[in-house]
Amino acid sequence: MARINDEFMRQRITRRRLLQGAGGTALGAAAIATVGCGGGGSSGGARTPGSTAPAEGTPKLGGILKQRQQVGYPNFNPFGPGIGALVQGLFVGFALYDHLFYVPTDTGEVIPFLGTEFEIAEDGRDVTVTMGEAVFWDKPPVNGRDVRASDVVASYERFKEQIPLGFSWLQEVLDSIEARDERTVVFRQNRPWAWFFTASNAGSPISSSIIPQEIVGDDDALDSDPIGSGKWMLAGHDSGQNVKLRKFPNWREPGRPYLEGVDYLYAPDNTLAQSAFSAKDIDTITGLNSRELEDLESRFGDEIVTSGDLQRDYRCLMLKNEPPFDDPEVRRGINLALNRDEIRQVLNLGDGELAGPLPPAHTAFVLDEDDPDLQEYFRFDPAESRQVLEAAGFPFDQEITLKYSNFSDAPDLAEAVAQQLRVVGINVKLPGAEDIISWLSNTLGPGDFQMTSFTHLAYEDPSLPLSFYVPPNFMGYDDPEVTAAFEKAAATLDMAERVEATKDAQRVIIQKMSPMLNLYSAVNYSARWDYLKGVITGRGSFGLFNSGAWLDK
C-alpha cells in the first residue's frame with residue numbers, strides 16, 4: 001500500500017501508518033455537500049508532512065478509466081429547471097466543456113485554459129482575455145468549427161439569465177461582456193471585484209462553460225446531445241446513469257488526454273461502491289471513513305494507493321429567517337445546543353475540523369482557532385441553550401420540521417442534529433428523506449423549509465461560502481452589516497488586505513449569529529488501484545480537469 005501527499009491524518013492513527021505517508025484525493029463533481037491543511041476551529045488531529053509521489057514512468061496511451069457515478073442525471077443541460085441543474089451542470093462543466101481559465105485552491109493563481117493572456121484595468125473593473133485556438137466537436141450544427149469569442153459571450157449571457165445558483169458576481173457584478181474580435185473577450189464589471197477569476201465567480205466550473213452559440217439556447221439539444229470543445233465527448237448513458245465519455249481527438253492539447261475514455265458505474269450506495277472497487281469494476285473510490293480505508297489496506301496492501309484529506313465541503317444547519325428563527329437570540333440558543341464534536345464523531349469517527357463561517361480548508365482566510373468569536377461560535381452548552389431560548393420566548397410546543405435529502409449520509413446528519421435539539425426541548429420532526437434532486441429543486445432552492453441540514457459543495461474560494469449570508473439567499477436573510485462586510489472584502493484587491501477583510505466579515509457573521517450554522521469539515525479518505533497513474537492531488541477540483549491520468553496495465 002502506498003500513500004502520497006498526506007495533508008491531514010488523525011492523531012489516533014498509529015505511528016506505523018503515519019510513517020507510511022498518505023495522499024490527496026480528486027473530488028466527485030456531483031457531490032452536494034479545497035483541499036487544505038489548517039485554520040479555524042478545533043483541529044481534530046495532527047498534520048504530518050507528505051512524501052513525494054514515486055516516479056510513475058512514461059505515460060501509456062489508451063484504456064478506459066472506470067469511475068463511480070453517485071447520482072443519476074435527469075439530463076445534461078446546465079440550464080435545467082431551478083437549482084436541480086446544479087448536479088448535471090457540475091458534471092458537464094468539468095467533463096464536456098472547456099473554459100478560459102481556472103484557479104486551483106492550493107495556490108490561488110490563475111491557470112490558463114483556452115484563455116492565454118489576461119489584462120486587468122487599473123480600477124479593477126474591466127478584464128480582457130485573449131483566447132488561444134480550439135475547435136468544437138465535429139457534430140452538426142457546429143461541425144468542428146473554431147471556438148470564438150462570440151461563443152464565450154453567448155454562454156456567459158445565457159448563464160446570467162438562468163444560472164441555477166445566484167452567484168453574486170454573475171447576477172450583480174457582471175455588467176456586460178463583449179467580443180472585441182474573434183479571439184478577445186472583455187468582461188465589464190459595475191465595480192471592482194477581487195474574486196473575479198475564482199471558481200465562485202467568472203471561473204465557475206458551471207457558468208464559465210463554453211457552449212457553441214448555435215445551441216446555447218436550444219434546450220432540447222443541451223438535454224440529450226450536448227456539443228462542446230472539452231477533452232471528453234458524451235458517448236452514451238442509461239437514462240442518465242452509467243455515463244460513458246470518449247476522447248476528443250482534436251482537443252486543444254495535442255496528444256491528450258492519454259486515456260481513451262471514462263466509463264461511470266452507477267453506484268449510489270456506498271457499500272455497493274466499495275464492493276465494485278474490490279472487484280475492480282471501478283478504479284477509484286472516495287468518501288471512505290478511516291475504518292473502511294483500513295479494511296481496504298488490510299485486504300489489498302501494496303496494490304492500492306490511499307489518501308486522506310481535509311475537505312473543502314462542510315456540514316451545516318440552515319434556518320429559515322422567519323419566526324421563530326428571525327430572532328438572533330433564538331439562533332444563539334440553537335447554536336449552543338449543537339455539539340459539533342459529537343456529530344463529527346458519529347458521522348466521521350471524529351475525523352475533521354470544526355467549521356466557522358468559512359470551511360477550515362481555506363487556510364489563508366479562516367479565523368485563527370484561538371479567535372474569541374470563533375471559540376464562542378463553537379461553544380456547546382445545552383443548559384445555557386435552554387435558558388437563552390426561554391428568555392427569547394421560543395415556542396417549545398411548536399413542531400419544527402427539519403428537512404433533508406437522501407444523498408450520502410444526509411439522513412444521519414439530520415438525525416444527529418435533531419437529537420441534540422430535542423435535548424434542550426425543541427420539538428423537532430424529521431420527515432422522510434427527499435430525493436436529492438427534489439430536495440435541491442423544491443426545498444433548498446425556493447427556501448421551503450424551517451430547518452434543513454446538508455453538506456455544502458467543496459467550494460474553491462471564500463467568495464461563495466460567504467455569499468450565502470447576503471441576499472439573495474436560501475434563508476431569506478438580509479443584514480446590512482453582514483452585507484457591507486462581505487462587499488468590503490470583495491472590493492479589496494490587495495491580497496493581504498483582503499485576507500483581513502474576509503476575517504472581519506466572518507466575525508460580523510458570528511456576532512450576528514447569522515442563520516446558517518456551520519458544523520465541521522470531514523476528512524475524505526480515498527483509494528485507487530496502483531495501475532492508475534498521473535493523478536492530480538492536493539489541488540482541489542482542479543484535478544477534475546486532469547488530462548494526464550493513464551493506466552499502467
# chains A, B, ... in the order shown; residues from 1 in each chain; ligands from 1
>>> closest_atom_pairs(of="region 259-352 of chain A", to="region 465-476 of chain A", cutoff="9 Å", atoms="only C-alpha atoms", output="Markdown table")
| residue | atom | partner | partner_atom | distance |
| --- | --- | --- | --- | --- |
| A:Met318 | CA | A:Met475 | CA | 7.3 |
| A:Leu319 | CA | A:Met475 | CA | 6.4 |
| A:Lys320 | CA | A:Met475 | CA | 4.5 |
| A:Asn321 | CA | A:Met475 | CA | 5.4 |
| A:Glu322 | CA | A:Gly476 | CA | 8.0 |
>>> residues_around(residues="Phe118 (chain A)", least_positions_apart="5", cutoff="7 Å", atoms="only C-alpha atoms", output="ChimeraX atom specification")
/A:127-130
>>> closest_residue(among="A:Leu444, A:Pro480, A:Ile343, A:Leu170", to="Gln420 (chain A)", atoms="only C-alpha atoms")
A:Ile343
>>> closest_residue(among="A:Leu222, A:Met451, A:Ala279, A:Val262", to="Asn242 (chain A)", atoms="only C-alpha atoms")
A:Val262
>>> residues_around(residues="region 380-385 of chain A", least_positions_apart="4", cutoff="8 Å", atoms="only C-alpha atoms", output="list in words")
Arg332, Gly333, Ile334, Asn335, Leu336, Ala337, Leu338, Asn339, Arg340, Leu389, Val423 and Val424 of chain A
>>> write_last_selection(atoms="all heavy atoms", output="PDB file, in the first residue's frame")
ATOM      1  N   ARG A 332     -28.886  31.963  18.570  1.00  0.00           N
ATOM      2  CA  ARG A 332     -27.787  31.731  19.503  1.00  0.00           C
ATOM      3  C   ARG A 332     -28.103  30.537  20.397  1.00  0.00           C
ATOM      4  O   ARG A 332     -27.226  29.706  20.684  1.00  0.00           O
ATOM      5  CB  ARG A 332     -27.534  32.977  20.353  1.00  0.00           C
ATOM      6  CG  ARG A 332     -26.297  32.871  21.224  1.00  0.00           C
ATOM      7  CD  ARG A 332     -25.892  34.225  21.778  1.00  0.00           C
ATOM      8  NE  ARG A 332     -26.765  34.672  22.855  1.00  0.00           N
ATOM      9  CZ  ARG A 332     -26.567  34.372  24.146  1.00  0.00           C
ATOM     10  NH1 ARG A 332     -25.540  33.618  24.509  1.00  0.00           N
ATOM     11  NH2 ARG A 332     -27.392  34.835  25.070  1.00  0.00           N
ATOM     12  N   GLY A 333     -29.348  30.431  20.820  1.00  0.00           N
ATOM     13  CA  GLY A 333     -29.740  29.280  21.626  1.00  0.00           C
ATOM     14  C   GLY A 333     -29.602  27.980  20.859  1.00  0.00           C
ATOM     15  O   GLY A 333     -29.143  26.961  21.398  1.00  0.00           O
ATOM     16  N   ILE A 334     -30.014  27.991  19.592  1.00  0.00           N
ATOM     17  CA  ILE A 334     -29.863  26.800  18.744  1.00  0.00           C
ATOM     18  C   ILE A 334     -28.388  26.434  18.627  1.00  0.00           C
ATOM     19  O   ILE A 334     -27.997  25.262  18.744  1.00  0.00           O
ATOM     20  CB  ILE A 334     -30.456  27.057  17.346  1.00  0.00           C
ATOM     21  CG1 ILE A 334     -31.965  27.320  17.432  1.00  0.00           C
ATOM     22  CG2 ILE A 334     -30.153  25.898  16.398  1.00  0.00           C
ATOM     23  CD1 ILE A 334     -32.794  26.131  17.780  1.00  0.00           C
ATOM     24  N   ASN A 335     -27.546  27.423  18.389  1.00  0.00           N
ATOM     25  CA  ASN A 335     -26.121  27.161  18.198  1.00  0.00           C
ATOM     26  C   ASN A 335     -25.489  26.558  19.458  1.00  0.00           C
ATOM     27  O   ASN A 335     -24.648  25.662  19.368  1.00  0.00           O
ATOM     28  CB  ASN A 335     -25.406  28.456  17.821  1.00  0.00           C
ATOM     29  CG  ASN A 335     -23.993  28.215  17.335  1.00  0.00           C
ATOM     30  OD1 ASN A 335     -23.776  27.503  16.358  1.00  0.00           O
ATOM     31  ND2 ASN A 335     -23.015  28.794  18.012  1.00  0.00           N
ATOM     32  N   LEU A 336     -25.896  27.031  20.644  1.00  0.00           N
ATOM     33  CA  LEU A 336     -25.363  26.484  21.890  1.00  0.00           C
ATOM     34  C   LEU A 336     -25.778  25.031  22.099  1.00  0.00           C
ATOM     35  O   LEU A 336     -25.134  24.296  22.866  1.00  0.00           O
ATOM     36  CB  LEU A 336     -25.834  27.331  23.076  1.00  0.00           C
ATOM     37  CG  LEU A 336     -25.149  28.689  23.260  1.00  0.00           C
ATOM     38  CD1 LEU A 336     -25.949  29.568  24.211  1.00  0.00           C
ATOM     39  CD2 LEU A 336     -23.719  28.491  23.770  1.00  0.00           C
ATOM     40  N   ALA A 337     -26.852  24.599  21.457  1.00  0.00           N
ATOM     41  CA  ALA A 337     -27.324  23.219  21.595  1.00  0.00           C
ATOM     42  C   ALA A 337     -26.575  22.243  20.703  1.00  0.00           C
ATOM     43  O   ALA A 337     -26.740  21.023  20.846  1.00  0.00           O
ATOM     44  CB  ALA A 337     -28.819  23.151  21.286  1.00  0.00           C
ATOM     45  N   LEU A 338     -25.749  22.750  19.777  1.00  0.00           N
ATOM     46  CA  LEU A 338     -25.080  21.902  18.789  1.00  0.00           C
ATOM     47  C   LEU A 338     -23.721  21.433  19.307  1.00  0.00           C
ATOM     48  O   LEU A 338     -22.812  22.233  19.502  1.00  0.00           O
ATOM     49  CB  LEU A 338     -24.907  22.662  17.474  1.00  0.00           C
ATOM     50  CG  LEU A 338     -26.198  23.091  16.773  1.00  0.00           C
ATOM     51  CD1 LEU A 338     -25.890  23.983  15.578  1.00  0.00           C
ATOM     52  CD2 LEU A 338     -27.014  21.868  16.356  1.00  0.00           C
ATOM     53  N   ASN A 339     -23.614  20.151  19.501  1.00  0.00           N
ATOM     54  CA  ASN A 339     -22.347  19.536  19.893  1.00  0.00           C
ATOM     55  C   ASN A 339     -21.640  19.069  18.620  1.00  0.00           C
ATOM     56  O   ASN A 339     -21.828  17.941  18.167  1.00  0.00           O
ATOM     57  CB  ASN A 339     -22.589  18.372  20.840  1.00  0.00           C
ATOM     58  CG  ASN A 339     -21.287  17.800  21.396  1.00  0.00           C
ATOM     59  OD1 ASN A 339     -20.214  18.001  20.845  1.00  0.00           O
ATOM     60  ND2 ASN A 339     -21.406  17.088  22.515  1.00  0.00           N
ATOM     61  N   ARG A 340     -20.855  19.955  18.047  1.00  0.00           N
ATOM     62  CA  ARG A 340     -20.208  19.671  16.774  1.00  0.00           C
ATOM     63  C   ARG A 340     -19.256  18.473  16.865  1.00  0.00           C
ATOM     64  O   ARG A 340     -19.153  17.674  15.931  1.00  0.00           O
ATOM     65  CB  ARG A 340     -19.472  20.918  16.270  1.00  0.00           C
ATOM     66  CG  ARG A 340     -20.398  22.058  15.851  1.00  0.00           C
ATOM     67  CD  ARG A 340     -19.640  23.354  15.651  1.00  0.00           C
ATOM     68  NE  ARG A 340     -20.431  24.387  14.993  1.00  0.00           N
ATOM     69  CZ  ARG A 340     -21.286  25.189  15.611  1.00  0.00           C
ATOM     70  NH1 ARG A 340     -21.469  25.066  16.931  1.00  0.00           N
ATOM     71  NH2 ARG A 340     -21.960  26.106  14.942  1.00  0.00           N
ATOM     72  N   LEU A 389     -33.132  30.260  24.977  1.00  0.00           N
ATOM     73  CA  LEU A 389     -34.368  30.049  24.220  1.00  0.00           C
ATOM     74  C   LEU A 389     -35.590  30.456  25.040  1.00  0.00           C
ATOM     75  O   LEU A 389     -36.525  31.069  24.513  1.00  0.00           O
ATOM     76  CB  LEU A 389     -34.465  28.587  23.783  1.00  0.00           C
ATOM     77  CG  LEU A 389     -33.447  28.133  22.733  1.00  0.00           C
ATOM     78  CD1 LEU A 389     -33.511  26.621  22.553  1.00  0.00           C
ATOM     79  CD2 LEU A 389     -33.703  28.830  21.397  1.00  0.00           C
ATOM     80  N   VAL A 423     -32.792  17.547  23.039  1.00  0.00           N
ATOM     81  CA  VAL A 423     -32.272  17.559  24.402  1.00  0.00           C
ATOM     82  C   VAL A 423     -32.635  18.852  25.111  1.00  0.00           C
ATOM     83  O   VAL A 423     -32.918  18.865  26.317  1.00  0.00           O
ATOM     84  CB  VAL A 423     -30.739  17.345  24.398  1.00  0.00           C
ATOM     85  CG1 VAL A 423     -30.132  17.666  25.763  1.00  0.00           C
ATOM     86  CG2 VAL A 423     -30.398  15.919  23.987  1.00  0.00           C
ATOM     87  N   VAL A 424     -32.646  19.970  24.387  1.00  0.00           N
ATOM     88  CA  VAL A 424     -32.975  21.264  25.009  1.00  0.00           C
ATOM     89  C   VAL A 424     -34.459  21.582  24.892  1.00  0.00           C
ATOM     90  O   VAL A 424     -34.884  22.701  25.202  1.00  0.00           O
ATOM     91  CB  VAL A 424     -32.128  22.401  24.393  1.00  0.00           C
ATOM     92  CG1 VAL A 424     -30.652  22.135  24.604  1.00  0.00           C
ATOM     93  CG2 VAL A 424     -32.436  22.610  22.913  1.00  0.00           C
TER      94      VAL A 424
END
>>> residues_around(residues="Ile210 (chain A)", least_positions_apart="4", cutoff="6 Å", atoms="only C-alpha atoms", output="MDAnalysis selection string")
chainID A and resid 97:99 152 155
>>> atom_distance(atom1="CA of Phe76 (chain A)", atom2="CA of Ser224 (chain A)")
6.2 Å
>>> residues_around(residues="Asn442 (chain A)", least_positions_apart="2", cutoff="12 Å", atoms="only C-alpha atoms", output="ChimeraX atom specification")
/A:81-84,403-405,434-440,444-449,474
>>> closest_residue(among="A:Gly540, A:Gly261, A:Pro249, A:Gly228", to="Gln67 (chain A)", atoms="only C-alpha atoms")
A:Gly261
>>> closest_residue(among="A:Asp283, A:Asp181, A:Asp309, A:Asp126", to="Asn524 (chain A)", atoms="only C-alpha atoms")
A:Asp309
>>> select_by_dssp(residues="region 279-433 of chain A", states="helix (DSSP H, G or I)", output="JSON, numbers by chain")
{"A": [290, 291, 292, 293, 294, 295, 296, 297, 298, 299, 300, 301, 302, 303, 328, 329, 330, 331, 332, 333, 334, 335, 336, 340, 341, 342, 343, 344, 345, 346, 347, 348, 372, 373, 374, 375, 376, 377, 378, 382, 383, 384, 385, 386, 387, 388, 389, 390, 391, 410, 411, 412, 413, 414, 415, 416, 417, 418, 419, 420, 421, 422, 423]}
>>> residues_around(residues="Asp313 (chain A)", least_positions_apart="4", cutoff="8 Å", atoms="only C-alpha atoms", output="CSV table (one decimal) with all heavy atoms, in the first residue's frame")
chain,number,residue,atom,x,y,z
A,33,ALA,N,-22.7,18.7,-1.0
A,33,ALA,CA,-22.1,19.0,0.3
A,33,ALA,C,-22.0,20.4,0.2
A,33,ALA,O,-22.3,20.8,-0.8
A,33,ALA,CB,-20.9,18.1,0.4
A,34,THR,N,-10.3,23.5,-0.3
A,34,THR,CA,-10.3,22.5,-1.4
A,34,THR,C,-9.4,21.8,-0.6
A,34,THR,O,-9.7,21.8,0.6
A,34,THR,CB,-10.4,23.6,-2.3
A,34,THR,OG1,-10.7,23.1,-3.4
A,34,THR,CG2,-11.2,24.8,-2.0
A,359,PRO,N,-15.2,27.2,5.6
A,359,PRO,CA,-14.7,25.9,5.9
A,359,PRO,C,-13.2,26.0,6.2
A,359,PRO,O,-12.5,26.8,5.6
A,359,PRO,CB,-14.9,25.1,4.6
A,359,PRO,CG,-15.1,26.2,3.5
A,359,PRO,CD,-15.7,27.3,4.2
A,455,THR,N,-24.7,18.9,3.5
A,455,THR,CA,-23.2,19.2,3.3
A,455,THR,C,-23.1,20.0,2.1
A,455,THR,O,-23.5,19.6,1.0
A,455,THR,CB,-22.5,17.8,3.1
A,455,THR,OG1,-22.7,17.0,4.3
A,455,THR,CG2,-21.0,18.1,3.0
A,456,HIS,N,-22.4,21.2,2.2
A,456,HIS,CA,-22.2,22.1,1.1
A,456,HIS,C,-21.2,21.5,0.1
A,456,HIS,O,-20.4,20.6,0.5
A,456,HIS,CB,-21.6,23.4,1.6
A,456,HIS,CG,-22.6,24.4,2.1
A,456,HIS,ND1,-23.2,25.2,1.2
A,456,HIS,CD2,-23.0,24.7,3.3
A,456,HIS,CE1,-24.1,26.0,1.8
A,456,HIS,NE2,-24.0,25.7,3.1
A,457,LEU,N,-21.2,22.0,-1.1
A,457,LEU,CA,-20.2,21.6,-2.1
A,457,LEU,C,-18.8,22.0,-1.6
A,457,LEU,O,-18.7,22.9,-0.7
A,457,LEU,CB,-20.5,22.3,-3.4
A,457,LEU,CG,-21.7,21.8,-4.2
A,457,LEU,CD1,-22.1,22.8,-5.2
A,457,LEU,CD2,-21.4,20.4,-4.8
A,458,ALA,N,-17.8,21.5,-2.2
A,458,ALA,CA,-16.4,21.8,-1.9
A,458,ALA,C,-16.0,23.0,-2.6
A,458,ALA,O,-15.4,23.0,-3.7
A,458,ALA,CB,-15.6,20.6,-2.3
A,459,TYR,N,-16.3,24.2,-2.1
A,459,TYR,CA,-16.1,25.5,-2.8
A,459,TYR,C,-14.6,25.7,-2.8
A,459,TYR,O,-13.8,25.5,-1.9
A,459,TYR,CB,-16.8,26.6,-2.1
A,459,TYR,CG,-18.3,26.4,-1.9
A,459,TYR,CD1,-18.9,26.3,-0.7
A,459,TYR,CD2,-19.1,26.1,-3.1
A,459,TYR,CE1,-20.3,26.1,-0.6
A,459,TYR,CE2,-20.4,25.8,-2.9
A,459,TYR,CZ,-21.0,25.8,-1.7
A,459,TYR,OH,-22.3,25.6,-1.6
A,521,SER,N,-15.9,20.2,8.8
A,521,SER,CA,-15.5,19.6,7.5
A,521,SER,C,-14.9,18.3,7.8
A,521,SER,O,-14.1,18.2,8.8
A,521,SER,CB,-14.4,20.5,6.8
A,521,SER,OG,-15.0,21.7,6.3
A,522,ALA,N,-15.2,17.3,7.1
A,522,ALA,CA,-14.7,15.9,7.3
A,522,ALA,C,-13.4,15.7,6.6
A,522,ALA,O,-12.9,16.5,5.8
A,522,ALA,CB,-15.7,14.9,6.8
>>> select_by_dssp(residues="region 382-434 of chain A", states="strand (DSSP E or B)", output="MDAnalysis selection string")
chainID A and resid 399:403 405 427:429 434
>>> residues_around(residues="region 243-245 of chain A", least_positions_apart="3", cutoff="12 Å", atoms="only C-alpha atoms", output="PyMOL selection string")
chain A and resi 63-76+88+91-92+95-96+230-240+248+257+259-267
>>> write_last_selection(atoms="C-alpha atoms", output="PDB file, in the first residue's frame")
ATOM      1  CA  GLY A  63      -7.504   2.473 -21.872  1.00  0.00           C
ATOM      2  CA  ILE A  64     -10.819   3.244 -20.212  1.00  0.00           C
ATOM      3  CA  LEU A  65     -10.859   4.625 -16.682  1.00  0.00           C
ATOM      4  CA  LYS A  66     -13.709   3.192 -14.611  1.00  0.00           C
ATOM      5  CA  GLN A  67     -15.222   5.508 -12.014  1.00  0.00           C
ATOM      6  CA  ARG A  68     -18.203   5.650  -9.699  1.00  0.00           C
ATOM      7  CA  GLN A  69     -21.294   7.687 -10.558  1.00  0.00           C
ATOM      8  CA  GLN A  70     -23.090   8.506  -7.322  1.00  0.00           C
ATOM      9  CA  VAL A  71     -26.189  10.266  -8.705  1.00  0.00           C
ATOM     10  CA  GLY A  72     -28.112   9.952 -11.948  1.00  0.00           C
ATOM     11  CA  TYR A  73     -28.508  12.964 -14.214  1.00  0.00           C
ATOM     12  CA  PRO A  74     -32.021  13.922 -15.346  1.00  0.00           C
ATOM     13  CA  ASN A  75     -30.379  15.397 -18.445  1.00  0.00           C
ATOM     14  CA  PHE A  76     -27.126  17.093 -19.454  1.00  0.00           C
ATOM     15  CA  GLN A  88     -25.676  17.925 -14.099  1.00  0.00           C
ATOM     16  CA  PHE A  91     -20.723  17.215 -14.344  1.00  0.00           C
ATOM     17  CA  VAL A  92     -20.866  18.697 -17.839  1.00  0.00           C
ATOM     18  CA  ALA A  95     -16.295  16.773 -18.210  1.00  0.00           C
ATOM     19  CA  LEU A  96     -17.590  18.160 -21.518  1.00  0.00           C
ATOM     20  CA  GLY A 230     -13.669  19.798 -23.943  1.00  0.00           C
ATOM     21  CA  LYS A 231     -11.403  16.784 -23.873  1.00  0.00           C
ATOM     22  CA  TRP A 232     -14.279  14.314 -23.386  1.00  0.00           C
ATOM     23  CA  MET A 233     -17.303  13.733 -25.616  1.00  0.00           C
ATOM     24  CA  LEU A 234     -20.551  12.215 -24.355  1.00  0.00           C
ATOM     25  CA  ALA A 235     -20.677   8.705 -25.831  1.00  0.00           C
ATOM     26  CA  GLY A 236     -23.670   7.131 -24.133  1.00  0.00           C
ATOM     27  CA  HIS A 237     -25.633   6.541 -20.925  1.00  0.00           C
ATOM     28  CA  ASP A 238     -28.565   4.598 -19.490  1.00  0.00           C
ATOM     29  CA  SER A 239     -31.185   7.268 -18.794  1.00  0.00           C
ATOM     30  CA  GLY A 240     -28.601   9.459 -17.097  1.00  0.00           C
ATOM     31  CA  PHE A 248     -11.989  14.213 -28.302  1.00  0.00           C
ATOM     32  CA  PRO A 257      -5.902  13.069 -22.793  1.00  0.00           C
ATOM     33  CA  LEU A 259      -6.911   7.809 -21.717  1.00  0.00           C
ATOM     34  CA  GLU A 260      -9.297   6.728 -24.434  1.00  0.00           C
ATOM     35  CA  GLY A 261     -12.304   7.361 -22.258  1.00  0.00           C
ATOM     36  CA  VAL A 262     -14.099   7.128 -18.922  1.00  0.00           C
ATOM     37  CA  ASP A 263     -16.896   4.707 -18.047  1.00  0.00           C
ATOM     38  CA  TYR A 264     -19.009   5.501 -14.983  1.00  0.00           C
ATOM     39  CA  LEU A 265     -20.717   2.797 -12.935  1.00  0.00           C
ATOM     40  CA  TYR A 266     -23.895   3.995 -11.226  1.00  0.00           C
ATOM     41  CA  ALA A 267     -23.441   3.069  -7.570  1.00  0.00           C
TER      42      ALA A 267
END
>>> closest_residue(among="A:Lys247, A:Arg539, A:Lys533, A:Arg498", to="Ala361 (chain A)", atoms="only C-alpha atoms")
A:Arg539
>>> closest_residue(among="A:Glu117, A:Asp326, A:Asp138, A:Glu297", to="Asp478 (chain A)", atoms="only C-alpha atoms")
A:Asp326
>>> atom_distance(atom1="CA of Asn348 (chain A)", atom2="CA of Glu460 (chain A)")
22.1 Å
